[in-house]
$ cat structure.cif   # mmCIF, C-alpha atoms
data_data
#
loop_
_atom_site.label_atom_id
_atom_site.label_comp_id
_atom_site.auth_asym_id
_atom_site.auth_seq_id
_atom_site.Cartn_x
_atom_site.Cartn_y
_atom_site.Cartn_z
CA MET A 1 15.96 62.82 31.13
CA ALA A 2 17.66 59.55 30.20
CA ALA A 3 17.72 56.69 32.66
CA ARG A 4 20.71 56.58 34.92
CA HIS A 5 23.46 54.08 34.13
CA ALA A 6 24.98 52.01 36.95
CA LYS A 7 28.46 53.43 36.32
CA ASP A 8 27.28 57.05 36.31
CA THR A 9 27.87 57.56 40.03
CA GLU A 10 28.09 61.35 39.96
CA MET A 11 24.62 62.06 38.59
CA PRO A 12 21.84 62.04 41.21
CA LEU A 13 18.78 59.88 40.74
CA ARG A 14 15.99 61.54 38.80
CA ASN A 15 13.50 61.34 41.68
CA LYS A 16 13.11 60.06 45.24
CA LEU A 17 10.36 57.55 45.93
CA LEU A 18 8.67 55.75 48.83
CA LEU A 19 6.67 52.54 48.37
CA ILE A 20 4.06 51.86 51.08
CA ILE A 21 2.66 48.30 51.13
CA LEU A 22 -0.53 47.81 53.15
CA ASP A 23 -0.53 44.03 53.22
CA GLY A 24 -3.83 42.33 52.42
CA GLN A 25 -6.06 45.31 51.69
CA PRO A 26 -8.48 44.44 48.87
CA TRP A 27 -9.58 46.94 46.24
CA ARG A 28 -13.10 47.32 47.63
CA ASN A 29 -11.91 48.29 51.13
CA ALA A 30 -9.35 50.80 49.93
CA ARG A 31 -11.86 52.63 47.76
CA ARG A 32 -14.64 52.82 50.36
CA LEU A 33 -12.76 53.06 53.67
CA MET A 34 -9.54 55.07 53.03
CA GLY A 35 -11.06 58.53 53.27
CA ASN A 36 -7.80 60.49 53.30
CA LEU A 37 -6.35 58.68 50.28
CA GLU A 38 -9.61 59.03 48.40
CA GLY A 39 -9.80 62.69 49.39
CA TRP A 40 -6.43 63.36 47.77
CA VAL A 41 -7.64 61.58 44.64
CA GLU A 42 -10.78 63.72 44.62
CA ALA A 43 -8.65 66.85 45.08
CA GLY A 44 -6.44 65.91 42.13
CA GLU A 45 -3.30 65.40 44.22
CA ALA A 46 -3.20 61.63 43.66
CA ARG A 47 -4.34 59.08 41.10
CA VAL A 48 -5.62 55.57 41.70
CA TRP A 49 -5.78 52.44 39.58
CA LYS A 50 -6.71 48.81 40.18
CA MET A 51 -3.74 46.43 40.21
CA ARG A 52 -3.82 42.63 40.07
CA SER A 53 -1.37 40.39 41.92
CA VAL A 54 0.64 37.46 40.67
CA LEU A 55 -0.40 33.87 41.37
CA PRO A 56 -0.27 32.44 43.90
CA SER A 57 -1.64 35.52 45.63
CA THR A 58 0.35 34.52 48.72
CA SER A 59 2.22 37.16 50.69
CA ALA A 60 5.81 36.00 50.25
CA SER A 61 5.24 35.22 46.58
CA CYS A 62 3.88 38.72 46.03
CA TYR A 63 6.72 40.38 47.96
CA ALA A 64 9.33 38.77 45.72
CA SER A 65 7.42 39.72 42.57
CA ILE A 66 6.83 43.31 43.72
CA HIS A 67 10.57 43.89 43.90
CA THR A 68 11.89 41.71 41.05
CA GLY A 69 9.16 42.17 38.45
CA VAL A 70 9.14 38.43 37.69
CA PRO A 71 6.43 35.87 38.54
CA PRO A 72 6.74 33.33 41.37
CA GLN A 73 7.26 30.57 38.83
CA VAL A 74 10.54 32.33 37.90
CA HIS A 75 11.86 33.61 41.24
CA GLY A 76 10.76 30.43 43.04
CA VAL A 77 9.08 31.89 46.14
CA LEU A 78 5.92 29.78 45.93
CA SER A 79 4.70 30.00 49.53
CA ASN A 80 5.38 31.70 52.85
CA GLU A 81 7.57 28.74 53.75
CA THR A 82 9.99 29.02 50.79
CA LEU A 83 12.42 31.61 52.14
CA PHE A 84 15.79 32.22 50.53
CA ARG A 85 17.90 34.97 48.97
CA VAL A 86 16.26 35.68 45.61
CA GLU A 87 18.62 35.54 42.63
CA GLN A 88 16.97 37.99 40.24
CA PRO A 89 17.84 41.71 40.17
CA ASP A 90 15.42 43.78 42.26
CA ILE A 91 14.66 47.40 43.07
CA PHE A 92 17.17 47.54 45.95
CA SER A 93 20.01 46.03 43.91
CA GLU A 94 19.47 48.28 40.90
CA VAL A 95 19.13 51.48 42.95
CA ALA A 96 22.27 50.58 44.90
CA LYS A 97 24.19 49.90 41.67
CA ALA A 98 23.13 53.32 40.40
CA GLY A 99 24.57 54.97 43.51
CA GLY A 100 21.29 55.55 45.34
CA LYS A 101 20.62 55.01 49.04
CA THR A 102 17.96 52.45 49.97
CA GLY A 103 15.95 51.86 53.12
CA ALA A 104 13.40 49.33 54.35
CA VAL A 105 10.95 49.26 57.26
CA THR A 106 9.34 45.88 56.70
CA HIS A 107 8.70 42.32 57.73
CA SER A 108 11.92 40.31 57.90
CA PHE A 109 10.98 38.39 54.73
CA TRP A 110 12.13 41.41 52.70
CA SER A 111 15.59 41.25 54.28
CA THR A 112 15.75 37.51 53.62
CA PHE A 113 14.77 37.86 49.97
CA PHE A 114 16.87 40.88 49.05
CA GLN A 115 19.73 41.25 51.57
CA ARG A 116 20.88 37.93 53.05
CA ALA A 117 19.52 34.62 54.25
CA PRO A 118 18.80 33.19 56.68
CA PHE A 119 17.53 36.13 58.72
CA ASP A 120 19.52 36.48 61.94
CA MET A 121 17.45 38.43 64.47
CA VAL A 122 20.39 40.00 66.30
CA ARG A 123 22.46 40.80 63.21
CA ASP A 124 19.62 41.78 60.87
CA ILE A 125 16.88 43.35 62.99
CA GLU A 126 18.44 46.79 62.39
CA TYR A 127 21.40 48.01 60.38
CA ASP A 128 22.81 51.13 58.74
CA ASP A 129 25.35 51.66 55.98
CA ALA A 130 25.22 47.99 55.10
CA GLN A 131 27.30 46.74 52.17
CA GLY A 132 24.33 44.90 50.68
CA PRO A 133 21.66 46.51 48.51
CA ILE A 134 19.53 47.49 51.54
CA HIS A 135 21.61 50.21 53.16
CA HIS A 136 19.32 51.12 56.08
CA GLY A 137 17.07 48.38 57.44
CA ARG A 138 14.54 48.18 60.27
CA PHE A 139 12.76 44.83 60.42
CA HIS A 140 10.23 42.91 62.49
CA THR A 141 9.39 39.20 62.48
CA MET A 142 5.88 38.87 63.95
CA ALA A 143 7.22 35.74 65.67
CA GLY A 144 4.43 33.98 67.56
CA TYR A 145 1.70 35.20 65.21
CA ASN A 146 -1.58 33.31 65.51
CA HIS A 147 -5.34 33.87 65.32
CA GLN A 148 -5.52 35.23 68.87
CA ASN A 149 -2.40 37.42 68.78
CA GLN A 150 -1.44 39.32 65.63
CA MET A 151 2.06 40.26 66.83
CA THR A 152 2.06 43.31 64.54
CA PRO A 153 3.96 46.51 65.42
CA SER A 154 2.13 49.83 65.57
CA ASP A 155 1.73 51.34 62.10
CA LEU A 156 2.35 54.77 63.58
CA ASP A 157 5.77 53.55 64.76
CA LEU A 158 6.52 52.15 61.30
CA PHE A 159 5.55 55.40 59.54
CA ALA A 160 7.72 57.37 61.97
CA THR A 161 10.65 55.00 61.43
CA LEU A 162 10.50 55.37 57.66
CA THR A 163 10.33 59.14 58.09
CA MET A 164 13.44 58.96 60.27
CA LEU A 165 15.30 57.10 57.51
CA THR A 166 14.34 59.77 54.98
CA GLU A 167 15.44 62.64 57.20
CA ARG A 168 18.44 61.13 59.00
CA HIS A 169 19.93 59.13 56.13
CA ALA A 170 18.48 60.87 53.04
CA ILE A 171 17.47 57.62 51.37
CA ASP A 172 16.51 57.83 47.70
CA TYR A 173 14.23 54.80 47.73
CA GLY A 174 12.41 53.41 50.74
CA ILE A 175 9.79 50.76 51.32
CA LEU A 176 7.41 50.36 54.27
CA HIS A 177 5.44 47.16 54.69
CA THR A 178 2.79 46.60 57.35
CA CYS A 179 0.78 43.42 57.99
CA THR A 180 -1.90 44.98 60.20
CA LEU A 181 -4.78 44.83 57.71
CA ASP A 182 -3.82 41.38 56.44
CA SER A 183 -3.76 40.07 60.00
CA MET A 184 -7.07 41.75 60.82
CA GLY A 185 -8.59 40.22 57.71
CA HIS A 186 -7.44 36.72 58.63
CA ARG A 187 -8.86 37.15 62.11
CA PHE A 188 -12.13 39.01 61.50
CA GLY A 189 -12.75 39.00 57.74
CA HIS A 190 -13.33 42.17 55.74
CA ASP A 191 -17.03 42.94 56.12
CA CYS A 192 -17.06 43.84 59.81
CA SER A 193 -16.77 46.75 62.21
CA GLN A 194 -13.27 45.69 63.26
CA MET A 195 -11.98 46.09 59.70
CA ASP A 196 -13.85 49.37 59.24
CA HIS A 197 -12.01 50.78 62.25
CA ALA A 198 -8.64 49.27 61.27
CA CYS A 199 -8.79 50.92 57.83
CA PHE A 200 -9.95 54.21 59.34
CA THR A 201 -7.03 54.14 61.78
CA ILE A 202 -4.27 53.32 59.31
CA ASP A 203 -5.64 55.86 56.83
CA ALA A 204 -5.47 58.58 59.48
CA GLN A 205 -1.98 57.56 60.65
CA LEU A 206 -0.69 57.49 57.07
CA ALA A 207 -2.22 60.90 56.45
CA ALA A 208 -0.14 62.37 59.27
CA PHE A 209 3.08 61.56 57.37
CA LEU A 210 2.27 61.63 53.68
CA PRO A 211 2.32 65.45 53.31
CA ARG A 212 5.66 65.50 55.16
CA TRP A 213 7.15 63.00 52.68
CA ARG A 214 5.80 64.94 49.73
CA GLY A 215 7.16 68.16 51.22
CA LYS A 216 10.62 66.56 51.30
CA GLY A 217 10.40 65.84 47.59
CA TYR A 218 9.38 62.18 47.62
CA GLU A 219 7.01 60.62 45.13
CA VAL A 220 4.84 58.14 47.02
CA ILE A 221 3.05 54.92 46.10
CA VAL A 222 0.47 53.47 48.50
CA THR A 223 -0.69 50.01 47.51
CA ALA A 224 -1.07 46.40 48.70
CA ASP A 225 0.45 43.03 47.87
CA HIS A 226 -2.82 41.18 47.32
CA GLY A 227 -6.50 41.33 48.27
CA GLN A 228 -8.55 39.08 50.54
CA THR A 229 -12.02 37.56 50.52
CA ASN A 230 -14.57 38.58 53.11
CA ARG A 231 -13.70 35.32 54.88
CA GLY A 232 -10.09 36.51 55.12
CA HIS A 233 -8.52 34.21 52.54
CA HIS A 234 -6.09 34.78 49.69
CA GLY A 235 -3.69 32.74 47.60
CA GLY A 236 -5.98 31.82 44.73
CA ALA A 237 -7.22 33.38 41.50
CA ASP A 238 -10.43 35.04 42.68
CA GLU A 239 -10.46 38.77 41.89
CA GLU A 240 -11.17 39.53 45.57
CA MET A 241 -7.88 37.81 46.44
CA GLN A 242 -5.82 39.41 43.68
CA ASP A 243 -7.10 42.96 43.17
CA PHE A 244 -6.02 45.99 45.20
CA ALA A 245 -5.66 49.75 44.86
CA PHE A 246 -2.56 51.51 43.58
CA TYR A 247 -2.42 55.16 44.72
CA TRP A 248 0.14 57.43 43.07
CA PHE A 249 1.40 60.74 44.47
CA GLY A 250 3.86 62.16 41.99
CA GLY A 251 4.55 63.52 38.54
CA GLY A 252 4.45 61.86 35.17
CA GLU A 253 1.72 60.67 32.86
CA GLY A 254 -0.22 57.53 33.63
CA PRO A 255 -2.72 55.30 31.82
CA PRO A 256 -6.50 55.86 31.76
CA ALA A 257 -8.22 55.46 35.12
CA ASP A 258 -9.97 52.23 34.10
CA THR A 259 -6.71 50.46 33.16
CA LEU A 260 -6.10 47.21 35.04
CA LEU A 261 -2.44 47.22 36.07
CA HIS A 262 -0.41 44.12 36.88
CA GLN A 263 1.92 43.64 39.81
CA LEU A 264 4.82 42.71 37.53
CA GLN A 265 4.75 46.30 36.25
CA LEU A 266 5.48 47.74 39.70
CA ALA A 267 9.26 47.18 39.87
CA PRO A 268 10.04 48.54 36.39
CA THR A 269 7.77 51.51 37.06
CA VAL A 270 9.57 52.36 40.31
CA LEU A 271 12.98 52.11 38.66
CA SER A 272 11.87 54.23 35.71
CA ARG A 273 10.59 56.96 38.06
CA LEU A 274 13.93 56.92 39.88
CA GLY A 275 15.78 57.13 36.57
CA VAL A 276 17.51 53.76 36.93
CA ASP A 277 18.05 51.41 33.99
CA LEU A 278 15.86 48.31 33.96
CA PRO A 279 17.53 44.90 34.17
CA GLU A 280 16.82 42.47 31.34
CA SER A 281 14.87 40.21 33.71
CA MET A 282 12.08 42.82 34.08
CA LYS A 283 9.94 42.23 30.99
CA SER A 284 6.85 44.27 31.88
CA LYS A 285 6.63 47.89 30.74
CA PRO A 286 6.46 50.81 33.20
CA PHE A 287 3.07 52.53 33.25
CA LEU A 288 4.15 55.99 34.48
CA ALA A 289 6.02 58.13 31.98
#

$ encode --input "structure.cif" --output "structure tokens"
Amino acid sequence: MAARHAKDTEMPLRNKLLLIILDGQPWRNARRLMGNLEGWVEAGEARVWKMRSVLPSTSASCYASIHTGVPPQVHGVLSNETLFRVEQPDIFSEVAKAGGKTGAVTHSFWSTFFQRAPFDMVRDIEYDDAQGPIHHGRFHTMAGYNHQNQMTPSDLDLFATLTMLTERHAIDYGILHTCTLDSMGHRFGHDCSQMDHACFTIDAQLAAFLPRWRGKGYEVIVTADHGQTNRGHHGGADEEMQDFAFYWFGGGEGPPADTLLHQLQLAPTVLSRLGVDLPESMKSKPFLA
């Protein structure tokens, strides 16, 4: 089927898709600690590849690249302190142009980058049927975050909220972003019992919803934005900081299992699976046919 043109408002999107971002989970922890995800891979119901982040491998920089398909040196989000409405086309904007419904259950940075800036807590914490490219938004700020207090919402609540958006508002594309594992890594590191339990917990909570999403016809990506070292650091060029797992639940042909994917391929791949034309700014090729 040909990609959908922005003006072709009567034709439905080719597929529905959910993107789950587990912030700060490195490749090694996903492959050894996410028993449900790995079980689906073993059963042939999912595929997994290694993906490498942009540089700097800083959270905000990665968020902007995940959705625009351009590097930080182009979109300009070079740190967690450079927050503004990103200019480049992104997944939300292109899906909305094509007539699709979008939803987000994420940190407020995503609203700032792709909806409007600055983030106003009262106006922007929750909205529906918005005129901007994010039609249904549920956001959290983690205000007050520090080493002693992670200020992260329950992942179970986030998974349930995304599910509500799929079933109440019939979104075509939705993203969920959770900082639990990133925050745990900064606090405890990655080679510890606390991280073992955190990964076990989020894997089990995700498993309670993933079959429900698939049963409703959604293709699902479960991935991260960057990795972390065992000391809980990221931002640089070390493979531990950049590399993470990319799990795929859906149709289509993909590359060989040992292919190293790049984060700049994520946005064009999502749009191609949805059947939406790629903007000229996205130069990387989709990897799922």

$ resolve_selection --input "structure.cif" --expression "the PyMOL selection byres ((chain A and resi 195-200) around 8)" --output "number ranges by chain"
A: 29-30, 33-35, 181, 184-185, 188-194, 201-204

$ residues_around --input "structure.cif" --residues "Asp120 of chain A" --least-positions-apart "2" --cutoff "12 Å" --atoms "all atoms listed in the file" --output "list in words"
Ser108, Phe109, Ser111, Thr112, Gln115, Arg116, Ala117, Pro118, Val122, Arg123, Asp124, Ile125, Glu126, Tyr127, Phe139, His140 and Thr141 of chain A

$ resolve_selection --input "structure.cif" --expression "the PyMOL selection byres ((chain A and resi 113) around 12)" --output "ChimeraX atom specification"
/A:60-68,75-77,80,82-93,106-112,114-119,132-134

$ write_last_selection --input "structure.cif" --atoms "C-alpha atoms" --output "PDB file, in the frame of the given file"
ATOM      1  CA  ALA A  60       5.810  36.000  50.250  1.00  0.00           C
ATOM      2  CA  SER A  61       5.240  35.220  46.580  1.00  0.00           C
ATOM      3  CA  CYS A  62       3.880  38.720  46.030  1.00  0.00           C
ATOM      4  CA  TYR A  63       6.720  40.380  47.960  1.00  0.00           C
ATOM      5  CA  ALA A  64       9.330  38.770  45.720  1.00  0.00           C
ATOM      6  CA  SER A  65       7.420  39.720  42.570  1.00  0.00           C
ATOM      7  CA  ILE A  66       6.830  43.310  43.720  1.00  0.00           C
ATOM      8  CA  HIS A  67      10.570  43.890  43.900  1.00  0.00           C
ATOM      9  CA  THR A  68      11.890  41.710  41.050  1.00  0.00           C
ATOM     10  CA  HIS A  75      11.860  33.610  41.240  1.00  0.00           C
ATOM     11  CA  GLY A  76      10.760  30.430  43.040  1.00  0.00           C
ATOM     12  CA  VAL A  77       9.080  31.890  46.140  1.00  0.00           C
ATOM     13  CA  ASN A  80       5.380  31.700  52.850  1.00  0.00           C
ATOM     14  CA  THR A  82       9.990  29.020  50.790  1.00  0.00           C
ATOM     15  CA  LEU A  83      12.420  31.610  52.140  1.00  0.00           C
ATOM     16  CA  PHE A  84      15.790  32.220  50.530  1.00  0.00           C
ATOM     17  CA  ARG A  85      17.900  34.970  48.970  1.00  0.00           C
ATOM     18  CA  VAL A  86      16.260  35.680  45.610  1.00  0.00           C
ATOM     19  CA  GLU A  87      18.620  35.540  42.630  1.00  0.00           C
ATOM     20  CA  GLN A  88      16.970  37.990  40.240  1.00  0.00           C
ATOM     21  CA  PRO A  89      17.840  41.710  40.170  1.00  0.00           C
ATOM     22  CA  ASP A  90      15.420  43.780  42.260  1.00  0.00           C
ATOM     23  CA  ILE A  91      14.660  47.400  43.070  1.00  0.00           C
ATOM     24  CA  PHE A  92      17.170  47.540  45.950  1.00  0.00           C
ATOM     25  CA  SER A  93      20.010  46.030  43.910  1.00  0.00           C
ATOM     26  CA  THR A 106       9.340  45.880  56.700  1.00  0.00           C
ATOM     27  CA  HIS A 107       8.700  42.320  57.730  1.00  0.00           C
ATOM     28  CA  SER A 108      11.920  40.310  57.900  1.00  0.00           C
ATOM     29  CA  PHE A 109      10.980  38.390  54.730  1.00  0.00           C
ATOM     30  CA  TRP A 110      12.130  41.410  52.700  1.00  0.00           C
ATOM     31  CA  SER A 111      15.590  41.250  54.280  1.00  0.00           C
ATOM     32  CA  THR A 112      15.750  37.510  53.620  1.00  0.00           C
ATOM     33  CA  PHE A 114      16.870  40.880  49.050  1.00  0.00           C
ATOM     34  CA  GLN A 115      19.730  41.250  51.570  1.00  0.00           C
ATOM     35  CA  ARG A 116      20.880  37.930  53.050  1.00  0.00           C
ATOM     36  CA  ALA A 117      19.520  34.620  54.250  1.00  0.00           C
ATOM     37  CA  PRO A 118      18.800  33.190  56.680  1.00  0.00           C
ATOM     38  CA  PHE A 119      17.530  36.130  58.720  1.00  0.00           C
ATOM     39  CA  GLY A 132      24.330  44.900  50.680  1.00  0.00           C
ATOM     40  CA  PRO A 133      21.660  46.510  48.510  1.00  0.00           C
ATOM     41  CA  ILE A 134      19.530  47.490  51.540  1.00  0.00           C
TER      42      ILE A 134
END

$ atom_distance --input "structure.cif" --atom1 "atom CA of Thr178 of chain A" --atom2 "atom CA of His262 of chain A"
20.9 Å

$ resolve_selection --input "structure.cif" --expression "the PyMOL selection byres ((chain A and resi 177) around 8)" --output "PyMOL selection string"
chain A and resi 20-23+105-107+175-176+178-179

$ closest_atom_pairs --input "structure.cif" --of "segment 57-152 of chain A" --to "segment 166-169 of chain A" --cutoff "10 Å" --atoms "only C-alpha atoms" --output "tab-separated table"
residue	atom	partner	partner_atom	distance
A:Lys101	CA	A:His169	CA	8.2
A:Thr102	CA	A:His169	CA	9.3
A:Gly103	CA	A:Thr166	CA	8.3
A:Asp128	CA	A:His169	CA	8.9
A:Asp129	CA	A:His169	CA	9.2
A:His135	CA	A:His169	CA	9.6
A:His136	CA	A:His169	CA	8.0

$ closest_residue --input "structure.cif" --among "A:Leu162, A:Ala289, A:Leu13, A:Ala98" --to "Glu253 of chain A" --atoms "all atoms listed in the file"
A:Ala289

$ closest_residue --input "structure.cif" --among "A:Asp172, A:Asp157, A:Asp182, A:Glu219" --to "Gly232 of chain A" --atoms "all atoms listed in the file"
A:Asp182

$ residues_around --input "structure.cif" --residues "segment 235-238 of chain A" --least-positions-apart "5" --cutoff "7 Å" --atoms "all atoms listed in the file" --output "ChimeraX atom specification"
/A:55-58

$ atom_distance --input "structure.cif" --atom1 "atom CA of Thr180 of chain A" --atom2 "atom CA of Asn146 of chain A"
12.8 Å

$ atom_distance --input "structure.cif" --atom1 "atom CA of Arg28 of chain A" --atom2 "atom CA of Thr229 of chain A"
10.2 Å

$ closest_residue --input "structure.cif" --among "A:Pro72, A:Gly137, A:Gly39, A:Gly24" --to "Met164 of chain A" --atoms "all atoms listed in the file"
A:Gly137

$ residues_around --input "structure.cif" --residues "Trp248 of chain A" --least-positions-apart "2" --cutoff "10 Å" --atoms "all atoms listed in the file" --output "list of chain:residue names"
A:Leu19, A:Leu37, A:Val41, A:Glu45, A:Ala46, A:Arg47, A:Val48, A:Trp49, A:Glu219, A:Val220, A:Ile221, A:Val222, A:Thr223, A:Ala245, A:Phe246, A:Gly250, A:Gly251, A:Gly254, A:Leu288

$ write_last_selection --input "structure.cif" --atoms "C-alpha atoms" --output "mmCIF file, in the coordinates of the input"
data_model
loop_
_atom_site.group_PDB
_atom_site.id
_atom_site.type_symbol
_atom_site.label_atom_id
_atom_site.label_comp_id
_atom_site.auth_asym_id
_atom_site.auth_seq_id
_atom_site.Cartn_x
_atom_site.Cartn_y
_atom_site.Cartn_z
ATOM 1 C CA LEU A 19 6.670 52.540 48.370
ATOM 2 C CA LEU A 37 -6.350 58.680 50.280
ATOM 3 C CA VAL A 41 -7.640 61.580 44.640
ATOM 4 C CA GLU A 45 -3.300 65.400 44.220
ATOM 5 C CA ALA A 46 -3.200 61.630 43.660
ATOM 6 C CA ARG A 47 -4.340 59.080 41.100
ATOM 7 C CA VAL A 48 -5.620 55.570 41.700
ATOM 8 C CA TRP A 49 -5.780 52.440 39.580
ATOM 9 C CA GLU A 219 7.010 60.620 45.130
ATOM 10 C CA VAL A 220 4.840 58.140 47.020
ATOM 11 C CA ILE A 221 3.050 54.920 46.100
ATOM 12 C CA VAL A 222 0.470 53.470 48.500
ATOM 13 C CA THR A 223 -0.690 50.010 47.510
ATOM 14 C CA ALA A 245 -5.660 49.750 44.860
ATOM 15 C CA PHE A 246 -2.560 51.510 43.580
ATOM 16 C CA GLY A 250 3.860 62.160 41.990
ATOM 17 C CA GLY A 251 4.550 63.520 38.540
ATOM 18 C CA GLY A 254 -0.220 57.530 33.630
ATOM 19 C CA LEU A 288 4.150 55.990 34.480
#

$ closest_residue --input "structure.cif" --among "A:Met121, A:Gln73, A:Asn36, A:Ser183" --to "Ala208 of chain A" --atoms "all atoms listed in the file"
A:Asn36

$ decode --input "structure.cif" --residues "segment 190-197 of chain A" --atoms "all heavy atoms" --output "compact mmCIF listing (two decimals), in the first residue's frame"
# COMPACT_ATOMS: atom_id res chain seq x y z
N HIS A 190 23.53 0.30 37.74
CA HIS A 190 22.81 -0.75 37.00
C HIS A 190 23.19 -2.17 37.41
O HIS A 190 22.48 -3.11 37.05
CB HIS A 190 23.02 -0.56 35.50
CG HIS A 190 22.16 0.52 34.93
ND1 HIS A 190 20.92 0.29 34.41
CD2 HIS A 190 22.36 1.86 34.87
CE1 HIS A 190 20.38 1.43 34.01
NE2 HIS A 190 21.24 2.40 34.29
N ASP A 191 24.25 -2.35 38.13
CA ASP A 191 24.63 -3.69 38.57
C ASP A 191 24.34 -3.82 40.06
O ASP A 191 25.23 -3.80 40.91
CB ASP A 191 26.12 -3.92 38.28
CG ASP A 191 26.55 -5.35 38.58
OD1 ASP A 191 25.65 -6.22 38.72
OD2 ASP A 191 27.76 -5.61 38.65
N CYS A 192 23.03 -3.95 40.38
CA CYS A 192 22.62 -3.96 41.78
C CYS A 192 21.26 -4.63 41.90
O CYS A 192 20.51 -4.76 40.93
CB CYS A 192 22.58 -2.55 42.34
SG CYS A 192 21.41 -1.47 41.48
N SER A 193 20.91 -5.03 43.11
CA SER A 193 19.63 -5.70 43.33
C SER A 193 18.46 -4.75 43.10
O SER A 193 17.39 -5.18 42.66
CB SER A 193 19.59 -6.28 44.75
OG SER A 193 19.71 -5.25 45.72
N GLN A 194 18.65 -3.47 43.40
CA GLN A 194 17.56 -2.51 43.19
C GLN A 194 17.17 -2.44 41.71
O GLN A 194 15.99 -2.39 41.38
CB GLN A 194 17.98 -1.12 43.69
CG GLN A 194 18.12 -1.02 45.20
CD GLN A 194 19.54 -1.29 45.66
OE1 GLN A 194 20.33 -1.93 44.96
NE2 GLN A 194 19.87 -0.80 46.85
N MET A 195 18.17 -2.43 40.82
CA MET A 195 17.86 -2.37 39.40
C MET A 195 17.30 -3.70 38.91
O MET A 195 16.39 -3.71 38.05
CB MET A 195 19.11 -2.00 38.59
CG MET A 195 18.84 -1.85 37.09
SD MET A 195 17.57 -0.60 36.68
CE MET A 195 18.45 0.91 37.07
N ASP A 196 17.79 -4.80 39.42
CA ASP A 196 17.21 -6.10 39.07
C ASP A 196 15.71 -6.10 39.34
O ASP A 196 14.90 -6.50 38.49
CB ASP A 196 17.86 -7.22 39.89
CG ASP A 196 19.30 -7.47 39.54
OD1 ASP A 196 19.77 -6.95 38.51
OD2 ASP A 196 19.97 -8.18 40.30
N HIS A 197 15.32 -5.63 40.50
CA HIS A 197 13.91 -5.63 40.88
C HIS A 197 13.11 -4.61 40.06
O HIS A 197 11.97 -4.87 39.67
CB HIS A 197 13.75 -5.34 42.37
CG HIS A 197 12.32 -5.36 42.83
ND1 HIS A 197 11.59 -6.53 42.93
CD2 HIS A 197 11.49 -4.35 43.19
CE1 HIS A 197 10.36 -6.24 43.34
NE2 HIS A 197 10.28 -4.93 43.51
